[in-house]
Structure formats: structure tokens, C-alpha cells
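Visitor: Can you read through this structure? Questions will come right after.
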Amino acid sequence: MSVRTSGSVGPAYVDGALPDLAGRMALFATRVVLGLLWLQNSGWKTPPDFGRSSGSGLYRFTRLAIEHEVFAPYAFVVREVVLPNFIAFGWLVLFVEAALGGFLLVGLATRFWALVGVVQSAAIALSVLGAPGEWSWSYYLMIAGHLAVFGAAAGRFWGLDGVLRPQWMRSNSVVARLLSRAS
Amino acid sequence: MDEEQLRRRSLAVKSLVTSSLRRAEIVLSIVGLAAGIAGLVVAAGLPVTSSRGELVANFGPSFNPLGGVVVTVVAAVGLVGAVTRKPLLVLSAAGGFGLCALQVIVQFGRDTNWLGSRGSNLSLSLALAIGLGALALTERAASGRGILRS
């Protein structure tokens, strides 16, 4: 990827180099596709019981962490902490995934949400990686995609981070400083 | 640099900032408008407040006819606010999408679901509420105090 140079662009681009048009388009597409991934997948986490009574939906996929164990400590946490508090866990998953979709789509606080995406992708991988028929590379690719969006601060290219960041950089408020770091 | 030059530079920066903010508001409003109109099209034939909406392009958000109308109207308010440079209207649209998100949290998966929505609508509504809200608040600050004072 060739680069062009720019002035003060923040921590992700300390040498002042920015991607060219093709690079910016690729980062934009990656961010939006990841946003749509979470937007679509927040659709089937259905309250109020998230599939517990029928053994389907989020409950079925969460149980896979125990039935087809990938990592013993994770399976222990799912068995002892998550399943006994499954409704609260279901709401947490719904909120996190809906927020991931929303924030990545518009490109706001993108670096922070990309890291959340890495964590959520890893949690899903640890739940279902050992289940029959799963293609493990899909989860590695999800993690890699979020890492790329984080590393390249993809919200700065045709995202709200790019529009609002100059304002945050000029402001002395705590919120603006936090958003500046998260973008 | 004399005072007149400083004033001109401030006005130029303000104009640049507010125009990029407005462009972003227009884009987000059009996204909401497209989703609402698509919802209206796919939900044609459903009862107006059907608790199970129809998926847009088999993809994510689902709407019944009322859901399609609500999202279309709220997005149109945002678009009018962006085009006519009225951040308060854009902020109202952000509030409207915030209420749509709240509706999903309260009614998704239950027998009563006024807008026929599901989790994907929560994601879309959050995107538009937070996006339009952040832009409108920043625009107000930029045109009112922040830029001109600094």
C-alpha cells in the first residue's frame, strides 16, 4: 500500500503517513462489513430467555463451550458462572453485539469497539470452535479483521471519527480526550 | 496576525467543520431513510402492528408497516434538519432513533412488538441515534462557541 503524508493525525499514524485511496476504501469496507456482521447477528439473540426454554439460539451455542470443550478454564466459567446467570448474560451479549454493529457501522470510537470485537470474537471461538461443522478460520478471520480495524484506526476514513476527531483534539474536556483516544 | 485575519480564519474553520458535519448528517439520514423505505416495501401485506416483522433483504433489521413508517419519518426529520442547517431537528431525529432502540429492548421477543423489530433494529437505531446525536451536538458547539472562541 503506498502512502501519502499528512500533518497531526494521531497515535495510529505517528510518522504522518496515511493510506492512499485504495487503502482508505479497503479500511472503510472492512469496518462496514464487520459492523454489518454484528448488526445481523444481534438479530437472533432473542429475549426474554434467549433460547433457554427450547434449548435453541444463544443458549444452544453457549452450551457448546461445555459439550465440545475448547479451553477448560473457559468451559468452567461458562458452566459455573454464565449458565446459572444466563438471562443476564443473554442481555449482555445482545447489547454488546448491537453496540458493536452500531459503532463500527458509523465509525465512532472505532479503535475501542474494534478491541471489543476482538474479545467478543475470541469468546465465540472459545464456545464453538470444537463443535462439529465449524470452520475455525472464520473466527480467526473475525479476530484478524477487528485487529486490522483497530491498528489502522479505520473510523478515521469516511467514519464519524474522521469528522469529529479534529474537534475532540481541540477540546480540553475529559469526554473529548477519551473519544480522541478511542478513535 | 491582526484581529480581522483571526476572525476570517475562525469563520473559515467554522464553515469547513460545519459543512463536513452536515454532510455526515445527510449521509446518516439517507441510510435511515433507505432502511425505513425498504422496511415499508418488505412489510407490505403484514398487519400494521404485526409483532413479527419482515426482514429487509433477508439481512438484519425487520419491520412491520408501522416500523417502516416510523423509521422513514424520523430519518426524514433528520434529513430536513441537516439540509436546512437546524441541528435541533437533527437532534430530535437522534432522539427518535433512541426511542426506537428503547422499543426493541422493551418489546423484542414478546407478543406485543409495535414496530416488528428485533436485535438488528437495536443495532441500526443505536448507530443512527448516536451518530446523528454526536454530529448535531458538535455542530451546535462549533457554530455557537467552541470554534469562534478558540
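Going through the C-alpha cells in order, the chains are called A, B, and so on, while each chain numbers its residues from 1 and the ligands are numbered from 1 in the order shown.
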Near Gly78 of chain B, within 12 Å and counting only C-alpha atoms, which residues show up once chain neighbours fewer than 6 positions away are dropped, as a PyMOL selection string?
Guide: chain B and resi 22-33+71-72+84-97+128-129+131-133+135-136
Visitor: Quick one: write out the picked residues with N, CA and C atoms as a compact mmCIF listing (two decimals), in the first residue's frame?
Guide:
```
# COMPACT_ATOMS: atom_id res chain seq x y z
N ARG B 22 -22.38 18.48 8.47
CA ARG B 22 -23.68 18.41 7.80
C ARG B 22 -23.70 17.30 6.75
N ARG B 23 -22.59 17.16 6.04
CA ARG B 23 -22.52 16.07 5.05
C ARG B 23 -22.73 14.72 5.73
N ALA B 24 -22.08 14.54 6.89
CA ALA B 24 -22.22 13.27 7.62
C ALA B 24 -23.66 13.08 8.10
N GLU B 25 -24.28 14.18 8.54
CA GLU B 25 -25.70 14.09 8.97
C GLU B 25 -26.58 13.67 7.80
N ILE B 26 -26.32 14.23 6.63
CA ILE B 26 -27.13 13.89 5.45
C ILE B 26 -26.95 12.41 5.11
N VAL B 27 -25.70 11.93 5.14
CA VAL B 27 -25.44 10.52 4.79
C VAL B 27 -26.16 9.60 5.77
N LEU B 28 -26.03 9.87 7.07
CA LEU B 28 -26.68 9.00 8.07
C LEU B 28 -28.20 9.04 7.91
N SER B 29 -28.76 10.23 7.66
CA SER B 29 -30.21 10.33 7.49
C SER B 29 -30.67 9.55 6.27
N ILE B 30 -29.88 9.60 5.20
CA ILE B 30 -30.26 8.85 3.98
C ILE B 30 -30.21 7.35 4.25
N VAL B 31 -29.22 6.91 5.05
CA VAL B 31 -29.15 5.48 5.42
C VAL B 31 -30.43 5.08 6.17
N GLY B 32 -30.85 5.93 7.13
CA GLY B 32 -32.08 5.65 7.87
C GLY B 32 -33.29 5.65 6.97
N LEU B 33 -33.32 6.63 6.05
CA LEU B 33 -34.44 6.73 5.11
C LEU B 33 -34.51 5.48 4.22
N VAL B 71 -39.52 4.73 11.12
CA VAL B 71 -38.11 4.94 10.77
C VAL B 71 -37.99 5.93 9.60
N THR B 72 -38.88 5.81 8.62
CA THR B 72 -38.84 6.74 7.48
C THR B 72 -39.08 8.18 7.94
N THR B 84 -31.46 21.92 6.06
CA THR B 84 -31.83 23.30 6.40
C THR B 84 -30.96 23.87 7.52
N ARG B 85 -29.94 23.15 7.90
CA ARG B 85 -28.98 23.60 8.93
C ARG B 85 -29.66 23.88 10.26
N LYS B 86 -30.48 22.94 10.70
CA LYS B 86 -31.14 23.08 12.00
C LYS B 86 -30.75 21.90 12.89
N PRO B 87 -29.67 22.06 13.67
CA PRO B 87 -29.18 20.95 14.50
C PRO B 87 -30.23 20.43 15.47
N LEU B 88 -31.15 21.29 15.88
CA LEU B 88 -32.19 20.82 16.81
C LEU B 88 -33.07 19.75 16.17
N LEU B 89 -33.36 19.91 14.88
CA LEU B 89 -34.14 18.89 14.17
C LEU B 89 -33.35 17.58 14.08
N VAL B 90 -32.05 17.70 13.80
CA VAL B 90 -31.20 16.51 13.72
C VAL B 90 -31.16 15.82 15.09
N LEU B 91 -31.08 16.65 16.12
CA LEU B 91 -31.06 16.11 17.49
C LEU B 91 -32.39 15.41 17.81
N SER B 92 -33.48 15.97 17.31
CA SER B 92 -34.79 15.34 17.51
C SER B 92 -34.82 13.97 16.83
N ALA B 93 -34.26 13.91 15.61
CA ALA B 93 -34.22 12.62 14.91
C ALA B 93 -33.38 11.62 15.70
N ALA B 94 -32.26 12.10 16.27
CA ALA B 94 -31.43 11.21 17.10
C ALA B 94 -32.24 10.68 18.28
N GLY B 95 -33.02 11.58 18.89
CA GLY B 95 -33.89 11.16 20.00
C GLY B 95 -34.92 10.14 19.54
N GLY B 96 -35.46 10.35 18.34
CA GLY B 96 -36.44 9.41 17.79
C GLY B 96 -35.84 8.03 17.61
N PHE B 97 -34.62 7.99 17.07
CA PHE B 97 -33.96 6.68 16.91
C PHE B 97 -33.61 6.07 18.27
N LEU B 128 -27.77 5.16 14.35
CA LEU B 128 -28.32 6.43 13.88
C LEU B 128 -28.53 7.41 15.04
N ALA B 129 -28.94 6.91 16.19
CA ALA B 129 -29.14 7.80 17.34
C ALA B 129 -27.83 8.41 17.81
N GLY B 131 -24.91 8.44 16.19
CA GLY B 131 -24.24 9.18 15.11
C GLY B 131 -24.85 10.56 14.92
N LEU B 132 -26.16 10.62 14.72
CA LEU B 132 -26.80 11.92 14.50
C LEU B 132 -26.69 12.80 15.74
N GLY B 133 -26.81 12.18 16.92
CA GLY B 133 -26.71 12.96 18.17
C GLY B 133 -25.33 13.59 18.31
N LEU B 135 -23.16 14.26 15.99
CA LEU B 135 -22.95 15.28 14.95
C LEU B 135 -23.69 16.57 15.27
N ALA B 136 -24.96 16.43 15.68
CA ALA B 136 -25.76 17.63 15.96
C ALA B 136 -25.20 18.40 17.15
```
Visitor: Can you work out which residues from chain B touch chain A at a cut-off of 7 Å (counting only C-alpha atoms) and hand them back as a list in words?
Guide: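 Result: Ser20, Leu21, Phe59, Gly60, Phe108, Gly109, Arg118, Gly119, Ser120, Leu122, Ser123, Leu124, Leu126, Ala127 and Gly131 of chain B.
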Visitor: Can you work out the spacing between atom CA of Ser173 of chain A and atom CA of Leu11 of chain B in Å, to one decimal?
Guide: 22.6 Å
Visitor: DSSP on the backbone, strand (DSSP E) only: what residues of segment 2-143 of chain B does that give? Format it as a ChimeraX atom specification.
Guide: /B:54-55,62-63
